[in-house]
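The next block is run.tsv, given as TSV, C-alpha atoms.
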```tsv
chain	number	residue	atom	x	y	z
A	1	MET	CA	0.95	-5.07	-10.64
A	2	LYS	CA	3.84	-2.69	-9.95
A	3	ILE	CA	2.62	0.31	-7.94
A	4	LEU	CA	4.46	3.59	-7.37
A	5	ALA	CA	2.96	5.47	-4.42
A	6	PHE	CA	3.66	8.78	-2.70
A	7	SER	CA	2.07	11.36	-0.41
A	8	ASP	CA	2.65	14.93	0.74
A	9	LEU	CA	4.26	16.30	-2.39
A	10	HIS	CA	3.57	19.88	-1.22
A	11	LEU	CA	4.72	21.34	-4.56
A	12	ALA	CA	8.26	19.95	-4.24
A	13	ARG	CA	9.61	20.18	-7.80
A	14	ALA	CA	12.55	17.80	-7.38
A	15	ARG	CA	10.34	15.18	-5.72
A	16	ALA	CA	7.76	15.51	-8.50
A	17	ALA	CA	10.47	15.07	-11.12
A	18	ASP	CA	11.64	11.87	-9.40
A	19	ILE	CA	8.06	10.54	-9.33
A	20	VAL	CA	7.46	11.34	-13.00
A	21	ALA	CA	10.73	9.68	-14.03
A	22	ALA	CA	10.08	6.55	-11.98
A	23	SER	CA	6.47	6.30	-13.14
A	24	ALA	CA	7.61	5.07	-16.55
A	25	GLN	CA	8.21	1.70	-14.85
A	26	ALA	CA	4.85	1.66	-13.01
A	27	ASP	CA	1.62	-0.11	-13.88
A	28	LEU	CA	-0.19	2.26	-11.51
A	29	VAL	CA	0.63	5.46	-9.61
A	30	ILE	CA	-1.08	6.36	-6.32
A	31	GLY	CA	-1.03	9.83	-4.76
A	32	ALA	CA	-2.20	9.89	-1.12
A	33	GLY	CA	-2.92	13.61	-0.82
A	34	ASP	CA	-1.35	16.98	-0.01
A	35	PHE	CA	-0.28	17.85	-3.53
A	36	CYS	CA	-0.22	21.59	-2.73
A	37	ASN	CA	0.02	23.87	0.34
A	38	MET	CA	-2.90	25.29	2.33
A	39	ARG	CA	-5.31	25.15	-0.67
A	40	GLN	CA	-2.86	27.08	-2.86
A	41	GLY	CA	-1.03	25.89	-5.98
A	42	LEU	CA	-3.01	22.77	-6.87
A	43	ASP	CA	-2.88	23.64	-10.61
A	44	LEU	CA	0.91	23.89	-10.35
A	45	ALA	CA	1.05	20.50	-8.58
A	46	MET	CA	-0.86	18.93	-11.47
A	47	ASP	CA	1.55	20.54	-13.94
A	48	LEU	CA	4.49	19.04	-12.01
A	49	LEU	CA	2.92	15.57	-12.34
A	50	ARG	CA	1.72	15.90	-15.93
A	51	GLY	CA	4.47	13.56	-17.18
A	52	VAL	CA	2.89	10.58	-15.38
A	53	THR	CA	1.16	8.54	-18.10
A	54	ALA	CA	0.26	5.43	-16.07
A	55	PRO	CA	-3.21	5.11	-14.52
A	56	PHE	CA	-3.17	7.43	-11.50
A	57	LEU	CA	-5.39	6.98	-8.41
A	58	VAL	CA	-5.54	9.84	-5.90
A	59	VAL	CA	-7.20	11.01	-2.71
A	60	PRO	CA	-7.11	14.57	-1.40
A	61	GLY	CA	-4.99	15.49	1.56
A	62	ASN	CA	-5.95	18.19	4.01
A	63	ALA	CA	-4.15	20.78	1.83
A	64	GLU	CA	-6.79	20.41	-0.92
A	65	SER	CA	-10.44	19.36	-0.88
A	66	SER	CA	-11.90	16.47	-2.84
A	67	SER	CA	-13.87	18.78	-5.14
A	68	GLU	CA	-10.79	20.94	-5.78
A	69	LEU	CA	-8.74	17.86	-6.68
A	70	SER	CA	-11.41	16.49	-9.01
A	71	ALA	CA	-11.71	19.87	-10.75
A	72	VAL	CA	-8.05	19.93	-11.82
A	73	ALA	CA	-7.35	16.19	-12.11
A	74	LEU	CA	-5.16	15.05	-14.99
A	75	PRO	CA	-6.84	12.99	-17.75
A	76	ASN	CA	-5.40	9.71	-16.41
A	77	MET	CA	-6.22	10.56	-12.76
A	78	ILE	CA	-9.17	9.18	-10.76
A	79	ASN	CA	-10.12	10.61	-7.37
A	80	ILE	CA	-11.23	7.64	-5.22
A	81	HIS	CA	-12.20	9.67	-2.12
A	82	GLY	CA	-15.06	7.72	-0.55
A	83	LYS	CA	-15.20	5.32	-3.49
A	84	SER	CA	-14.10	1.93	-4.76
A	85	HIS	CA	-12.31	1.42	-8.05
A	86	GLU	CA	-10.92	-1.65	-9.82
A	87	ILE	CA	-7.94	-1.87	-12.17
A	88	ASP	CA	-6.91	-5.16	-13.79
A	89	GLY	CA	-8.76	-7.17	-11.16
A	90	VAL	CA	-7.22	-5.29	-8.20
A	91	SER	CA	-9.72	-3.45	-6.01
A	92	PHE	CA	-9.04	-0.10	-4.33
A	93	PHE	CA	-10.86	2.10	-1.83
A	94	GLY	CA	-9.86	5.61	-0.82
A	95	LEU	CA	-10.49	8.19	1.88
A	96	GLY	CA	-8.72	11.53	1.84
A	97	GLY	CA	-8.67	14.54	4.13
A	98	ALA	CA	-7.34	14.77	7.67
A	99	VAL	CA	-9.02	12.39	10.10
A	100	PRO	CA	-9.58	13.32	12.89
A	101	ILE	CA	-10.06	17.10	12.70
A	102	THR	CA	-6.78	19.02	12.95
A	103	PRO	CA	-6.01	22.26	14.82
A	104	PHE	CA	-4.88	23.88	11.54
A	105	GLY	CA	-7.99	25.99	10.96
A	106	ASP	CA	-10.31	26.78	8.08
A	107	TRP	CA	-7.90	26.01	5.25
A	108	SER	CA	-7.55	22.35	6.26
A	109	PHE	CA	-9.82	19.74	4.61
A	110	ASP	CA	-10.72	17.80	7.76
A	111	ILE	CA	-13.17	14.97	8.38
A	112	ALA	CA	-14.59	13.99	11.77
A	113	GLU	CA	-14.14	10.39	12.89
A	114	GLU	CA	-17.89	9.70	12.70
A	115	THR	CA	-18.11	10.99	9.13
A	116	ALA	CA	-15.01	9.01	8.14
A	117	ALA	CA	-16.58	5.87	9.61
A	118	SER	CA	-19.70	6.37	7.47
A	119	TYR	CA	-17.56	6.68	4.32
A	120	LEU	CA	-15.50	3.63	5.27
A	121	ASP	CA	-18.62	1.52	5.93
A	122	ARG	CA	-19.13	1.58	2.13
A	123	CYS	CA	-16.00	-0.54	1.71
A	124	LYS	CA	-16.85	-4.22	2.03
A	125	ALA	CA	-13.62	-5.53	0.46
A	126	ALA	CA	-10.45	-4.09	-1.10
A	127	ASP	CA	-6.98	-5.24	-2.02
A	128	VAL	CA	-5.55	-1.76	-1.41
A	129	MET	CA	-6.89	1.03	0.79
A	130	VAL	CA	-5.55	4.54	0.23
A	131	PHE	CA	-5.82	7.17	2.95
A	132	HIS	CA	-4.29	10.55	3.58
A	133	SER	CA	-4.33	10.05	7.35
A	134	PRO	CA	-2.69	7.11	9.10
A	135	PRO	CA	-4.52	4.64	11.33
A	136	LYS	CA	-4.42	5.30	15.07
A	137	GLY	CA	-1.18	4.05	16.63
A	138	ILE	CA	0.62	3.29	13.34
A	139	ALA	CA	3.04	5.78	11.74
A	140	ASP	CA	1.02	8.59	13.33
A	141	HIS	CA	3.27	10.19	15.97
A	142	THR	CA	4.24	13.85	15.78
A	143	SER	CA	7.67	15.10	16.82
A	144	THR	CA	6.26	15.65	20.33
A	145	GLY	CA	5.11	12.00	20.55
A	146	LEU	CA	1.41	12.72	20.08
A	147	SER	CA	-0.56	9.97	18.30
A	148	VAL	CA	-2.78	11.75	15.77
A	149	GLY	CA	-4.03	8.87	13.60
A	150	SER	CA	-7.63	7.87	12.95
A	151	ILE	CA	-9.60	5.31	14.93
A	152	ALA	CA	-12.11	4.96	12.07
A	153	ILE	CA	-9.33	4.20	9.59
A	154	ARG	CA	-7.75	1.65	11.92
A	155	ASP	CA	-11.13	-0.03	12.47
A	156	ALA	CA	-11.71	-0.20	8.69
A	157	ILE	CA	-8.30	-1.77	8.07
A	158	GLU	CA	-8.95	-4.35	10.80
A	159	ARG	CA	-12.35	-5.18	9.28
A	160	VAL	CA	-11.42	-5.23	5.58
A	161	GLN	CA	-7.85	-6.57	5.88
A	162	PRO	CA	-6.55	-5.28	2.54
A	163	LYS	CA	-3.12	-6.42	1.38
A	164	LEU	CA	-1.90	-2.80	1.51
A	165	ALA	CA	-2.98	0.32	3.39
A	166	LEU	CA	-1.19	3.45	2.19
A	167	CYS	CA	-1.18	6.82	3.96
A	168	GLY	CA	0.80	9.98	4.63
A	169	HIS	CA	-0.10	13.21	6.48
A	170	VAL	CA	2.22	12.86	9.50
A	171	HIS	CA	5.55	14.06	8.13
A	172	ASP	CA	7.51	12.81	11.14
A	173	CYS	CA	6.59	9.23	10.20
A	174	TRP	CA	7.38	9.21	6.48
A	175	GLY	CA	8.83	5.83	5.58
A	176	GLU	CA	7.43	4.00	8.62
A	177	THR	CA	5.71	0.67	8.06
A	178	ALA	CA	3.83	-1.75	10.28
A	179	ALA	CA	1.18	-4.46	10.11
A	180	ILE	CA	-2.46	-4.57	11.19
A	181	GLY	CA	-3.29	-8.25	10.99
A	182	ALA	CA	-2.39	-9.34	7.45
A	183	THR	CA	-2.31	-5.75	6.16
A	184	HIS	CA	0.98	-3.99	5.37
A	185	VAL	CA	0.62	-0.32	6.37
A	186	ALA	CA	3.00	2.33	4.97
A	187	ASN	CA	3.27	6.06	5.61
A	188	LEU	CA	4.61	7.06	2.21
A	189	GLY	CA	6.02	10.58	2.12
A	190	PRO	CA	7.04	12.31	-1.11
A	191	GLY	CA	9.69	9.82	-2.22
A	192	VAL	CA	9.33	7.01	-4.76
A	193	ASN	CA	7.79	4.01	-2.95
A	194	TRP	CA	7.34	0.70	-4.79
A	195	PHE	CA	4.83	-2.05	-4.03
A	196	GLU	CA	4.08	-5.22	-6.02
A	197	LEU	CA	0.78	-7.08	-5.99
A	198	GLU	CA	0.23	-10.53	-7.51
```

Show me this structure written as structure tokens.
Amino acid sequence: MKILAFSDLHLARARAADIVAASAQADLVIGAGDFCNMRQGLDLAMDLLRGVTAPFLVVPGNAESSSELSAVALPNMINIHGKSHEIDGVSFFGLGGAVPITPFGDWSFDIAEETAASYLDRCKAADVMVFHSPPKGIADHTSTGLSVGSIAIRDAIERVQPKLALCGHVHDCWGETAAIGATHVANLGPGVNWFELE
């Protein structure tokens, strides 16, 4: 399975055009949240991505809520926030939103660590886990050096050991990769990122 994955589009037209063009070669597209900005422009973000015809799994970022994303989702798009999904024998589990709670205020779709842990407890096994937020200590440092990743997400990756754990959220770490046990972790960013699964 050839997977194209991205995060943090934030209504960037040129980035969306690159994703749509590349998606013609993908078996699956994954969007790890923050399609719009501060709960504004989600319809426009979907319009920018309308040319993606491959199956399309998404989670919300903190710039849009799960219900908002589901309400405007494209016909080929499935929101896997808090859920498992299987495609061609490959299992996925997703958790969107910002974990832990951010200082950004009321517009941000944030989830407390305890709530995130209760969602993640539903996942008993997965080949790919899709998050908006990174795990604690991996691709989660701000420009000031602050580690803002999620303990609950890290614990879930350590327990489940998926082949891939994909995230975004922390812009300063776009493109960073690391391993947690046997799991390859990648902070995606809005570029075209390719992954292959047997």

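In this structure, CA of Ala152 in chain A sits 12.6 Å away from CA of Gly96 in chain A.
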
For Ser7 in chain A, find every residue with an atom within 12 Å (counting all atoms listed in the file), except residues of its own chain fewer than 5 positions away, and show them as an MDAnalysis selection string.
chainID A and resid 12 15:16 19 29:36 57:63 96 130:134 166:171 173:175 186:193

CA of Ile157 in chain A and CA of Met129 in chain A, how far apart in Å?
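Interatomic distance here is 7.9 Å.
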
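Atom pair CA of Val72 in chain A / CA of Ser118 in chain A: separated by 26.3 Å.
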
So, counting all atoms listed in the file, which residue among A:Thr115, A:Thr183, A:Asn79, A:Thr53 is closest to Ile138 in chain A?
A:Thr183

Using only C-alpha atoms: which of A:Asp121, A:Glu113, A:Asp27, A:Asp127 has the shortest distance to Gly149 in chain A:
A:Glu113
